[in-house]
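> Sending over start-v7.cif (mmCIF, N, CA, C and O atoms).
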```cif
data_entry
#
loop_
_atom_site.label_atom_id
_atom_site.label_comp_id
_atom_site.auth_asym_id
_atom_site.auth_seq_id
_atom_site.Cartn_x
_atom_site.Cartn_y
_atom_site.Cartn_z
N MET D 142 108.30 54.32 44.31
CA MET D 142 108.81 52.99 44.59
C MET D 142 108.22 52.02 43.57
O MET D 142 107.02 51.97 43.39
N GLN D 143 109.06 51.25 42.93
CA GLN D 143 108.60 50.29 41.96
C GLN D 143 108.60 48.89 42.55
O GLN D 143 109.42 48.57 43.41
N ARG D 144 107.69 48.11 42.07
CA ARG D 144 107.62 46.72 42.49
C ARG D 144 107.65 45.85 41.25
O ARG D 144 106.90 46.09 40.31
N PHE D 145 108.48 44.86 41.26
CA PHE D 145 108.59 43.94 40.15
C PHE D 145 107.94 42.63 40.52
O PHE D 145 108.19 42.09 41.60
N VAL D 146 107.11 42.12 39.63
CA VAL D 146 106.44 40.84 39.85
C VAL D 146 107.02 39.84 38.87
O VAL D 146 107.00 40.07 37.65
N TYR D 147 107.57 38.77 39.39
CA TYR D 147 108.16 37.72 38.56
C TYR D 147 107.19 36.55 38.50
O TYR D 147 106.76 36.03 39.54
N ILE D 148 106.86 36.13 37.30
CA ILE D 148 105.91 35.04 37.12
C ILE D 148 106.68 33.76 36.82
O ILE D 148 107.54 33.72 35.94
N ASN D 149 106.34 32.71 37.56
CA ASN D 149 106.95 31.39 37.41
C ASN D 149 108.47 31.41 37.56
O ASN D 149 109.18 30.68 36.90
N ASP D 150 108.97 32.25 38.43
CA ASP D 150 110.40 32.29 38.72
C ASP D 150 110.61 31.74 40.12
O ASP D 150 110.33 32.39 41.11
N GLU D 151 111.10 30.52 40.21
CA GLU D 151 111.25 29.83 41.49
C GLU D 151 112.28 30.50 42.40
O GLU D 151 112.20 30.39 43.62
N SER D 152 113.25 31.21 41.84
CA SER D 152 114.29 31.82 42.67
C SER D 152 113.75 32.99 43.50
O SER D 152 114.31 33.31 44.54
N CYS D 153 112.68 33.61 43.07
CA CYS D 153 112.11 34.75 43.80
C CYS D 153 110.98 34.33 44.73
O CYS D 153 110.41 35.17 45.42
N ARG D 154 110.67 33.08 44.79
CA ARG D 154 109.51 32.60 45.53
C ARG D 154 109.62 32.84 47.05
O ARG D 154 108.65 33.16 47.71
N ASP D 155 110.82 32.71 47.59
CA ASP D 155 110.99 32.84 49.04
C ASP D 155 110.95 34.28 49.53
O ASP D 155 110.84 34.52 50.73
N SER D 156 111.04 35.25 48.65
CA SER D 156 111.06 36.64 49.08
C SER D 156 109.65 37.19 49.35
O SER D 156 109.52 38.28 49.88
N TYR D 157 108.60 36.44 49.00
CA TYR D 157 107.24 36.90 49.24
C TYR D 157 106.59 36.06 50.32
O TYR D 157 106.93 34.91 50.54
N ARG D 158 105.63 36.65 50.98
CA ARG D 158 104.87 35.93 51.99
C ARG D 158 103.87 35.00 51.33
O ARG D 158 103.52 35.17 50.18
N ASP D 159 103.38 34.04 52.09
CA ASP D 159 102.38 33.14 51.54
C ASP D 159 101.01 33.82 51.54
O ASP D 159 100.86 34.94 52.02
N ASN D 160 100.03 33.14 51.02
CA ASN D 160 98.70 33.73 50.87
C ASN D 160 97.72 33.30 51.96
O ASN D 160 96.53 33.40 51.77
N ARG D 161 98.22 32.85 53.06
CA ARG D 161 97.32 32.42 54.13
C ARG D 161 96.59 33.61 54.74
O ARG D 161 97.14 34.68 54.89
N VAL D 162 95.34 33.36 55.12
CA VAL D 162 94.51 34.37 55.74
C VAL D 162 94.54 34.15 57.25
O VAL D 162 94.40 33.03 57.72
N SER D 163 94.72 35.23 58.00
CA SER D 163 94.69 35.13 59.46
C SER D 163 93.98 36.36 60.03
O SER D 163 94.49 37.47 59.94
N ASN D 164 92.81 36.14 60.60
CA ASN D 164 92.04 37.21 61.21
C ASN D 164 92.02 37.12 62.73
O ASN D 164 91.29 37.86 63.39
N THR D 165 92.78 36.20 63.29
CA THR D 165 92.77 36.03 64.74
C THR D 165 93.51 37.18 65.42
O THR D 165 94.43 37.77 64.87
N LYS D 166 93.08 37.47 66.62
CA LYS D 166 93.67 38.56 67.39
C LYS D 166 94.70 38.04 68.39
O LYS D 166 95.65 38.72 68.72
N TYR D 167 94.51 36.81 68.86
CA TYR D 167 95.33 36.28 69.94
C TYR D 167 96.04 34.99 69.52
O TYR D 167 95.63 34.33 68.58
N THR D 168 97.09 34.65 70.27
CA THR D 168 97.70 33.32 70.22
C THR D 168 97.62 32.76 71.64
O THR D 168 97.19 33.46 72.57
N LEU D 169 98.07 31.54 71.81
CA LEU D 169 98.05 30.97 73.16
C LEU D 169 99.01 31.72 74.09
O LEU D 169 98.77 31.82 75.29
N TRP D 170 100.07 32.27 73.52
CA TRP D 170 101.09 32.94 74.34
C TRP D 170 100.73 34.37 74.71
O TRP D 170 101.16 34.87 75.75
N ASN D 171 99.96 35.04 73.89
CA ASN D 171 99.69 36.44 74.18
C ASN D 171 98.24 36.70 74.57
O ASN D 171 97.85 37.85 74.69
N PHE D 172 97.45 35.66 74.79
CA PHE D 172 96.03 35.88 75.10
C PHE D 172 95.84 36.66 76.39
O PHE D 172 95.13 37.66 76.42
N LEU D 173 96.46 36.22 77.46
CA LEU D 173 96.24 36.88 78.76
C LEU D 173 96.71 38.33 78.78
O LEU D 173 95.92 39.22 79.14
N PRO D 174 97.94 38.64 78.37
CA PRO D 174 98.33 40.06 78.40
C PRO D 174 97.51 40.95 77.46
O PRO D 174 97.11 42.05 77.85
N LYS D 175 97.26 40.46 76.25
CA LYS D 175 96.49 41.28 75.31
C LYS D 175 95.06 41.47 75.78
O LYS D 175 94.49 42.55 75.64
N ASN D 176 94.47 40.41 76.35
CA ASN D 176 93.10 40.52 76.81
C ASN D 176 92.99 41.45 78.01
O ASN D 176 92.05 42.25 78.09
N LEU D 177 93.93 41.36 78.94
CA LEU D 177 93.90 42.29 80.08
C LEU D 177 94.10 43.73 79.63
O LEU D 177 93.44 44.64 80.14
N LEU D 178 94.98 43.94 78.67
CA LEU D 178 95.17 45.30 78.13
C LEU D 178 93.87 45.80 77.49
O LEU D 178 93.47 46.95 77.68
N GLU D 179 93.21 44.91 76.77
CA GLU D 179 91.94 45.27 76.14
C GLU D 179 90.87 45.59 77.20
O GLU D 179 90.09 46.52 77.05
N GLN D 180 90.85 44.80 78.28
CA GLN D 180 89.87 45.03 79.34
C GLN D 180 90.11 46.37 80.04
O GLN D 180 89.16 47.09 80.36
N PHE D 181 91.38 46.69 80.29
CA PHE D 181 91.66 47.91 81.04
C PHE D 181 91.70 49.15 80.17
O PHE D 181 91.97 50.24 80.66
N ARG D 182 91.41 49.03 78.90
CA ARG D 182 91.21 50.23 78.08
C ARG D 182 89.87 50.85 78.38
O ARG D 182 89.66 52.03 78.09
N ARG D 183 88.98 50.09 78.91
CA ARG D 183 87.65 50.62 79.27
C ARG D 183 87.75 51.34 80.61
O ARG D 183 88.27 50.82 81.59
N PHE D 184 87.21 52.53 80.64
CA PHE D 184 87.32 53.37 81.83
C PHE D 184 86.65 52.73 83.06
O PHE D 184 87.20 52.79 84.16
N MET D 185 85.51 52.11 82.87
CA MET D 185 84.79 51.55 84.03
C MET D 185 85.58 50.41 84.66
O MET D 185 85.56 50.25 85.89
N ASN D 186 86.29 49.62 83.87
CA ASN D 186 87.11 48.55 84.45
C ASN D 186 88.27 49.13 85.25
O ASN D 186 88.63 48.61 86.30
N GLN D 187 88.85 50.22 84.77
CA GLN D 187 89.90 50.90 85.53
C GLN D 187 89.35 51.43 86.85
O GLN D 187 89.99 51.32 87.90
N TYR D 188 88.16 52.00 86.79
CA TYR D 188 87.52 52.54 87.99
C TYR D 188 87.27 51.45 89.03
O TYR D 188 87.61 51.60 90.20
N PHE D 189 86.68 50.33 88.58
CA PHE D 189 86.38 49.25 89.53
C PHE D 189 87.65 48.60 90.07
O PHE D 189 87.69 48.15 91.22
N LEU D 190 88.73 48.57 89.28
CA LEU D 190 90.00 48.06 89.79
C LEU D 190 90.55 48.99 90.86
O LEU D 190 91.05 48.53 91.89
N LEU D 191 90.44 50.29 90.65
CA LEU D 191 90.88 51.26 91.66
C LEU D 191 90.09 51.09 92.95
O LEU D 191 90.67 51.06 94.04
N ILE D 192 88.78 50.95 92.84
CA ILE D 192 87.94 50.76 94.03
C ILE D 192 88.31 49.46 94.74
O ILE D 192 88.41 49.41 95.98
N ALA D 193 88.55 48.40 93.97
CA ALA D 193 88.92 47.11 94.57
C ALA D 193 90.26 47.21 95.29
O ALA D 193 90.44 46.65 96.37
N CYS D 194 91.20 47.95 94.70
CA CYS D 194 92.50 48.12 95.36
C CYS D 194 92.37 48.96 96.63
O CYS D 194 93.04 48.68 97.63
N LEU D 195 91.50 49.96 96.60
CA LEU D 195 91.28 50.76 97.82
C LEU D 195 90.63 49.93 98.92
O LEU D 195 90.87 50.18 100.10
N GLN D 196 89.84 48.96 98.55
CA GLN D 196 89.19 48.13 99.56
C GLN D 196 90.15 47.14 100.21
O GLN D 196 89.81 46.51 101.20
N LEU D 197 91.33 47.01 99.68
CA LEU D 197 92.34 46.17 100.34
C LEU D 197 92.94 46.87 101.56
O LEU D 197 93.59 46.24 102.38
N TRP D 198 92.72 48.15 101.68
CA TRP D 198 93.21 48.95 102.80
C TRP D 198 92.15 48.93 103.91
O TRP D 198 91.13 49.61 103.83
N PRO D 199 92.37 48.16 104.96
CA PRO D 199 91.31 47.92 105.96
C PRO D 199 90.87 49.17 106.75
O PRO D 199 89.76 49.21 107.27
N THR D 200 91.71 50.19 106.84
CA THR D 200 91.33 51.34 107.65
C THR D 200 90.34 52.26 106.95
O THR D 200 89.66 53.05 107.61
N ILE D 201 90.21 52.17 105.63
CA ILE D 201 89.29 53.08 104.94
C ILE D 201 88.05 52.39 104.39
O ILE D 201 87.18 53.05 103.84
N THR D 202 87.97 51.08 104.50
CA THR D 202 86.80 50.40 103.94
C THR D 202 86.01 49.66 105.01
O THR D 202 86.59 48.99 105.85
N PRO D 203 84.70 49.78 104.99
CA PRO D 203 83.88 49.08 105.98
C PRO D 203 83.44 47.69 105.51
O PRO D 203 82.84 46.95 106.27
N VAL D 204 83.71 47.33 104.25
CA VAL D 204 83.23 46.06 103.72
C VAL D 204 84.41 45.16 103.35
O VAL D 204 85.55 45.58 103.27
N SER D 205 84.09 43.92 103.09
CA SER D 205 85.10 42.94 102.70
C SER D 205 85.54 43.19 101.25
O SER D 205 84.71 43.50 100.40
N PRO D 206 86.82 43.05 100.96
CA PRO D 206 87.30 43.25 99.58
C PRO D 206 86.71 42.22 98.61
O PRO D 206 86.64 42.48 97.40
N ALA D 207 86.27 41.11 99.11
CA ALA D 207 85.71 40.07 98.23
C ALA D 207 84.43 40.56 97.54
O ALA D 207 84.09 40.07 96.46
N THR D 208 83.74 41.53 98.14
CA THR D 208 82.51 42.03 97.52
C THR D 208 82.78 42.81 96.24
O THR D 208 81.88 42.99 95.43
N THR D 209 84.01 43.27 96.06
CA THR D 209 84.37 43.95 94.82
C THR D 209 85.23 43.07 93.93
O THR D 209 85.03 43.03 92.72
N TRP D 210 86.19 42.35 94.50
CA TRP D 210 87.08 41.51 93.70
C TRP D 210 86.34 40.35 93.05
O TRP D 210 86.67 39.96 91.93
N GLY D 211 85.36 39.79 93.72
CA GLY D 211 84.59 38.66 93.17
C GLY D 211 83.87 39.04 91.87
O GLY D 211 84.09 38.41 90.83
N PRO D 212 82.98 40.04 91.91
CA PRO D 212 82.31 40.44 90.68
C PRO D 212 83.26 40.93 89.59
O PRO D 212 83.04 40.66 88.40
N LEU D 213 84.34 41.61 89.98
CA LEU D 213 85.32 42.08 89.00
C LEU D 213 85.97 40.88 88.30
O LEU D 213 86.11 40.87 87.07
N ALA D 214 86.34 39.87 89.06
CA ALA D 214 86.95 38.66 88.48
C ALA D 214 85.95 37.93 87.58
O ALA D 214 86.31 37.46 86.50
N ILE D 215 84.70 37.86 88.00
CA ILE D 215 83.68 37.18 87.20
C ILE D 215 83.48 37.90 85.87
O ILE D 215 83.41 37.27 84.81
N ILE D 216 83.42 39.21 85.91
CA ILE D 216 83.24 39.99 84.68
C ILE D 216 84.43 39.80 83.75
O ILE D 216 84.27 39.62 82.54
N PHE D 217 85.65 39.81 84.30
CA PHE D 217 86.83 39.59 83.46
C PHE D 217 86.86 38.19 82.87
O PHE D 217 87.21 38.01 81.72
N ILE D 218 86.48 37.19 83.65
CA ILE D 218 86.48 35.81 83.17
C ILE D 218 85.44 35.62 82.07
O ILE D 218 85.71 35.00 81.03
N VAL D 219 84.24 36.16 82.27
CA VAL D 219 83.18 36.03 81.26
C VAL D 219 83.60 36.76 79.98
O VAL D 219 83.44 36.23 78.87
N SER D 220 84.14 37.94 80.13
CA SER D 220 84.56 38.72 78.97
C SER D 220 85.71 38.03 78.22
O SER D 220 85.72 37.97 76.99
N ALA D 221 86.68 37.49 78.97
CA ALA D 221 87.80 36.78 78.34
C ALA D 221 87.32 35.51 77.66
O ALA D 221 87.81 35.16 76.57
N SER D 222 86.36 34.82 78.25
CA SER D 222 85.82 33.61 77.64
C SER D 222 85.13 33.93 76.32
O SER D 222 85.29 33.21 75.33
N LYS D 223 84.37 35.01 76.30
CA LYS D 223 83.70 35.42 75.07
C LYS D 223 84.72 35.78 73.99
O LYS D 223 84.58 35.38 72.83
N GLU D 224 85.76 36.52 74.35
CA GLU D 224 86.80 36.87 73.39
C GLU D 224 87.52 35.63 72.87
O GLU D 224 87.83 35.54 71.68
N ALA D 225 87.80 34.68 73.76
CA ALA D 225 88.48 33.45 73.34
C ALA D 225 87.60 32.66 72.38
O ALA D 225 88.08 32.13 71.38
N TRP D 226 86.31 32.58 72.67
CA TRP D 226 85.38 31.86 71.80
C TRP D 226 85.29 32.53 70.43
O TRP D 226 85.33 31.84 69.40
N ASP D 227 85.18 33.84 70.41
CA ASP D 227 85.12 34.57 69.14
C ASP D 227 86.41 34.38 68.33
O ASP D 227 86.37 34.18 67.12
N ASP D 228 87.55 34.43 69.01
CA ASP D 228 88.82 34.27 68.32
C ASP D 228 88.97 32.84 67.79
O ASP D 228 89.51 32.62 66.71
N TYR D 229 88.50 31.86 68.55
CA TYR D 229 88.55 30.47 68.09
C TYR D 229 87.68 30.28 66.85
O TYR D 229 88.08 29.59 65.91
N ASN D 230 86.51 30.91 66.82
CA ASN D 230 85.66 30.83 65.63
C ASN D 230 86.31 31.51 64.43
O ASN D 230 86.17 31.04 63.30
N ARG D 231 87.02 32.62 64.65
CA ARG D 231 87.76 33.25 63.56
C ARG D 231 88.86 32.32 63.05
O ARG D 231 89.10 32.22 61.85
N TYR D 232 89.52 31.61 63.98
CA TYR D 232 90.56 30.66 63.60
C TYR D 232 89.97 29.54 62.73
O TYR D 232 90.55 29.17 61.71
N LEU D 233 88.81 29.01 63.12
CA LEU D 233 88.18 27.95 62.33
C LEU D 233 87.77 28.45 60.95
O LEU D 233 87.94 27.75 59.94
N SER D 234 87.27 29.66 60.89
CA SER D 234 86.90 30.25 59.60
C SER D 234 88.13 30.44 58.72
O SER D 234 88.09 30.15 57.52
N ASP D 235 89.22 30.93 59.29
CA ASP D 235 90.46 31.10 58.54
C ASP D 235 90.99 29.76 58.04
O ASP D 235 91.46 29.64 56.92
N LYS D 236 90.91 28.75 58.90
CA LYS D 236 91.38 27.42 58.53
C LYS D 236 90.58 26.87 57.34
O LYS D 236 91.14 26.28 56.41
N LYS D 237 89.27 27.09 57.37
CA LYS D 237 88.42 26.64 56.28
C LYS D 237 88.78 27.34 54.97
O LYS D 237 88.87 26.70 53.92
N VAL D 238 89.03 28.63 55.02
CA VAL D 238 89.40 29.38 53.83
C VAL D 238 90.79 28.95 53.33
O VAL D 238 91.00 28.79 52.13
N ASN D 239 91.72 28.75 54.25
CA ASN D 239 93.08 28.40 53.85
C ASN D 239 93.20 26.99 53.29
O ASN D 239 94.14 26.69 52.56
N GLU D 240 92.27 26.10 53.63
CA GLU D 240 92.31 24.74 53.13
C GLU D 240 91.50 24.55 51.86
O GLU D 240 91.44 23.45 51.32
N ARG D 241 90.89 25.61 51.38
CA ARG D 241 90.10 25.53 50.16
C ARG D 241 91.01 25.26 48.96
O ARG D 241 92.12 25.78 48.88
N ARG D 242 90.54 24.43 48.06
CA ARG D 242 91.33 24.09 46.86
C ARG D 242 91.33 25.28 45.90
O ARG D 242 90.33 25.95 45.72
N ILE D 243 92.48 25.50 45.30
CA ILE D 243 92.64 26.63 44.38
C ILE D 243 93.24 26.14 43.07
O ILE D 243 93.75 25.02 42.98
N TRP D 244 93.21 26.99 42.06
CA TRP D 244 93.82 26.69 40.77
C TRP D 244 95.15 27.43 40.70
O TRP D 244 95.25 28.59 41.05
N VAL D 245 96.18 26.73 40.20
CA VAL D 245 97.51 27.31 40.04
C VAL D 245 97.92 27.13 38.58
O VAL D 245 97.78 26.06 38.02
N VAL D 246 98.42 28.20 37.99
CA VAL D 246 98.94 28.12 36.63
C VAL D 246 100.46 28.08 36.73
O VAL D 246 101.09 29.02 37.21
N LYS D 247 101.06 26.98 36.28
CA LYS D 247 102.51 26.82 36.33
C LYS D 247 102.97 26.24 35.00
O LYS D 247 102.48 25.21 34.59
N ASP D 248 103.89 26.93 34.38
CA ASP D 248 104.40 26.55 33.06
C ASP D 248 103.28 26.44 32.03
O ASP D 248 103.26 25.56 31.18
N GLY D 249 102.29 27.33 32.14
CA GLY D 249 101.19 27.36 31.20
C GLY D 249 100.15 26.28 31.41
O GLY D 249 99.22 26.15 30.63
N ILE D 250 100.28 25.51 32.45
CA ILE D 250 99.33 24.43 32.74
C ILE D 250 98.55 24.80 34.01
O ILE D 250 99.13 25.16 35.03
N ARG D 251 97.24 24.69 33.90
CA ARG D 251 96.36 25.02 35.03
C ARG D 251 96.11 23.75 35.84
O ARG D 251 95.62 22.76 35.32
N ARG D 252 96.45 23.80 37.13
CA ARG D 252 96.29 22.64 38.02
C ARG D 252 95.59 23.06 39.30
O ARG D 252 95.64 24.21 39.70
N GLN D 253 95.00 22.08 39.96
CA GLN D 253 94.38 22.35 41.25
C GLN D 253 95.37 22.08 42.35
O GLN D 253 96.16 21.18 42.29
#
```
Kindly return the structure encoded in the file as structure tokens.

Amino acid sequence: MQRFVYINDESCRDSYRDNRVSNTKYTLWNFLPKNLLEQFRRFMNQYFLLIACLQLWPTITPVSPATTWGPLAIIFIVSASKEAWDDYNRYLSDKKVNERRIWVVKDGIRRQ
């Protein structure tokens, strides 16, 4: 497969992607589903969810379901908060890199 690179040809400019850097994992729209999928990839979270669901059945459990659902929810909230904070810091870092001034050579003239 061959690739042709056209220099200073404005007609080919729209066929390429821009040079923006993006290291973020989430957006506002996909944070909850992606984060829950990420949480339930861990075996222990699947196990505790199964136990919490079994505790909703009153004939087989001697304790209140809140004793399992509460800590499970707290762990998910803390973990999701940490992921959101890390992703926000990645967004700020990307924004800083993308706003950095660069040099462009156009028609043989070097400009910032």
> Specify the axis-aligned box that encloses all atoms of segment 161-179 of chain D listed in the file after padding of 5 Å on each side, stating its centre and edge lengths in Å to one decimal as AutoDock Vina command-line options.

```
--center_x 95.6 --center_y 39.0 --center_z 66.6 --size_x 21.1 --size_y 26.0 --size_z 37.1
```
> To one decimal place, how far is atom N of Met185 of chain D from atom CA of Thr208 of chain D in Å?
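Between these atoms lies a distance of 18.0 Å.
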> Counting only C-alpha atoms, what is within 8 Å of Thr165 of chain D, bar same-chain residues fewer than 5 positions away, as a ChimeraX atom specification?
/D:228-229,231-232
> Using the selection just defined, write its residues with N, CA, C and O atoms as a PDB file, keeping the file's coordinate frame.

```pdb
ATOM      1  N   ASP D 228      87.550  34.430  69.010  1.00  0.00           N
ATOM      2  CA  ASP D 228      88.820  34.270  68.320  1.00  0.00           C
ATOM      3  C   ASP D 228      88.970  32.840  67.790  1.00  0.00           C
ATOM      4  O   ASP D 228      89.510  32.620  66.710  1.00  0.00           O
ATOM      5  N   TYR D 229      88.500  31.860  68.550  1.00  0.00           N
ATOM      6  CA  TYR D 229      88.550  30.470  68.090  1.00  0.00           C
ATOM      7  C   TYR D 229      87.680  30.280  66.850  1.00  0.00           C
ATOM      8  O   TYR D 229      88.080  29.590  65.910  1.00  0.00           O
ATOM      9  N   ARG D 231      87.020  32.620  64.650  1.00  0.00           N
ATOM     10  CA  ARG D 231      87.760  33.250  63.560  1.00  0.00           C
ATOM     11  C   ARG D 231      88.860  32.320  63.050  1.00  0.00           C
ATOM     12  O   ARG D 231      89.100  32.220  61.850  1.00  0.00           O
ATOM     13  N   TYR D 232      89.520  31.610  63.980  1.00  0.00           N
ATOM     14  CA  TYR D 232      90.560  30.660  63.600  1.00  0.00           C
ATOM     15  C   TYR D 232      89.970  29.540  62.730  1.00  0.00           C
ATOM     16  O   TYR D 232      90.550  29.170  61.710  1.00  0.00           O
TER      17      TYR D 232
END
```
> Tell me, in Å to one decimal, how far atom O of Arg241 of chain D is from atom O of Asn164 of chain D.
18.9 Å
> In Å to one decimal, how far is atom C of Arg161 of chain D from atom N of Arg242 of chain D?
12.9 Å
> Might you spell out which residues the PyMOL selection byres (((chain D and resi 239 and name CA) around 9) and name CA) would select in the displayed file, as a PDB file with N, CA, C and O atoms, keeping the file's coordinate frame?

```pdb
ATOM      1  N   ASN D 160     100.030  33.140  51.020  1.00  0.00           N
ATOM      2  CA  ASN D 160      98.700  33.730  50.870  1.00  0.00           C
ATOM      3  C   ASN D 160      97.720  33.300  51.960  1.00  0.00           C
ATOM      4  O   ASN D 160      96.530  33.400  51.770  1.00  0.00           O
ATOM      5  N   ARG D 161      98.220  32.850  53.060  1.00  0.00           N
ATOM      6  CA  ARG D 161      97.320  32.420  54.130  1.00  0.00           C
ATOM      7  C   ARG D 161      96.590  33.610  54.740  1.00  0.00           C
ATOM      8  O   ARG D 161      97.140  34.680  54.890  1.00  0.00           O
ATOM      9  N   VAL D 162      95.340  33.360  55.120  1.00  0.00           N
ATOM     10  CA  VAL D 162      94.510  34.370  55.740  1.00  0.00           C
ATOM     11  C   VAL D 162      94.540  34.150  57.250  1.00  0.00           C
ATOM     12  O   VAL D 162      94.400  33.030  57.720  1.00  0.00           O
ATOM     13  N   SER D 163      94.720  35.230  58.000  1.00  0.00           N
ATOM     14  CA  SER D 163      94.690  35.130  59.460  1.00  0.00           C
ATOM     15  C   SER D 163      93.980  36.360  60.030  1.00  0.00           C
ATOM     16  O   SER D 163      94.490  37.470  59.940  1.00  0.00           O
ATOM     17  N   SER D 234      87.270  29.660  60.890  1.00  0.00           N
ATOM     18  CA  SER D 234      86.900  30.250  59.600  1.00  0.00           C
ATOM     19  C   SER D 234      88.130  30.440  58.720  1.00  0.00           C
ATOM     20  O   SER D 234      88.090  30.150  57.520  1.00  0.00           O
ATOM     21  N   ASP D 235      89.220  30.930  59.290  1.00  0.00           N
ATOM     22  CA  ASP D 235      90.460  31.100  58.540  1.00  0.00           C
ATOM     23  C   ASP D 235      90.990  29.760  58.040  1.00  0.00           C
ATOM     24  O   ASP D 235      91.460  29.640  56.920  1.00  0.00           O
ATOM     25  N   LYS D 236      90.910  28.750  58.900  1.00  0.00           N
ATOM     26  CA  LYS D 236      91.380  27.420  58.530  1.00  0.00           C
ATOM     27  C   LYS D 236      90.580  26.870  57.340  1.00  0.00           C
ATOM     28  O   LYS D 236      91.140  26.280  56.410  1.00  0.00           O
ATOM     29  N   LYS D 237      89.270  27.090  57.370  1.00  0.00           N
ATOM     30  CA  LYS D 237      88.420  26.640  56.280  1.00  0.00           C
ATOM     31  C   LYS D 237      88.780  27.340  54.970  1.00  0.00           C
ATOM     32  O   LYS D 237      88.870  26.700  53.920  1.00  0.00           O
ATOM     33  N   VAL D 238      89.030  28.630  55.020  1.00  0.00           N
ATOM     34  CA  VAL D 238      89.400  29.380  53.830  1.00  0.00           C
ATOM     35  C   VAL D 238      90.790  28.950  53.330  1.00  0.00           C
ATOM     36  O   VAL D 238      91.000  28.790  52.130  1.00  0.00           O
ATOM     37  N   GLU D 240      92.270  26.100  53.630  1.00  0.00           N
ATOM     38  CA  GLU D 240      92.310  24.740  53.130  1.00  0.00           C
ATOM     39  C   GLU D 240      91.500  24.550  51.860  1.00  0.00           C
ATOM     40  O   GLU D 240      91.440  23.450  51.320  1.00  0.00           O
ATOM     41  N   ARG D 241      90.890  25.610  51.380  1.00  0.00           N
ATOM     42  CA  ARG D 241      90.100  25.530  50.160  1.00  0.00           C
ATOM     43  C   ARG D 241      91.010  25.260  48.960  1.00  0.00           C
ATOM     44  O   ARG D 241      92.120  25.780  48.880  1.00  0.00           O
ATOM     45  N   ARG D 242      90.540  24.430  48.060  1.00  0.00           N
ATOM     46  CA  ARG D 242      91.330  24.090  46.860  1.00  0.00           C
ATOM     47  C   ARG D 242      91.330  25.280  45.900  1.00  0.00           C
ATOM     48  O   ARG D 242      90.330  25.950  45.720  1.00  0.00           O
TER      49      ARG D 242
END
```
> Based on DSSP run over this structure's backbone, return all residues of chain D in strand (DSSP E or B), as a ChimeraX atom specification.
/D:245-247,250-252
> Let me see the file: selected residues, N, CA, C and O atoms, as a short mmCIF file (atom, residue, chain, number, x, y, z; two decimals), keeping the file's coordinate frame.

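Output saved as result20.cif:
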```cif
data_model
loop_
_atom_site.label_atom_id
_atom_site.label_comp_id
_atom_site.auth_asym_id
_atom_site.auth_seq_id
_atom_site.Cartn_x
_atom_site.Cartn_y
_atom_site.Cartn_z
N VAL D 245 96.18 26.73 40.20
CA VAL D 245 97.51 27.31 40.04
C VAL D 245 97.92 27.13 38.58
O VAL D 245 97.78 26.06 38.02
N VAL D 246 98.42 28.20 37.99
CA VAL D 246 98.94 28.12 36.63
C VAL D 246 100.46 28.08 36.73
O VAL D 246 101.09 29.02 37.21
N LYS D 247 101.06 26.98 36.28
CA LYS D 247 102.51 26.82 36.33
C LYS D 247 102.97 26.24 35.00
O LYS D 247 102.48 25.21 34.59
N ILE D 250 100.28 25.51 32.45
CA ILE D 250 99.33 24.43 32.74
C ILE D 250 98.55 24.80 34.01
O ILE D 250 99.13 25.16 35.03
N ARG D 251 97.24 24.69 33.90
CA ARG D 251 96.36 25.02 35.03
C ARG D 251 96.11 23.75 35.84
O ARG D 251 95.62 22.76 35.32
N ARG D 252 96.45 23.80 37.13
CA ARG D 252 96.29 22.64 38.02
C ARG D 252 95.59 23.06 39.30
O ARG D 252 95.64 24.21 39.70
#
```
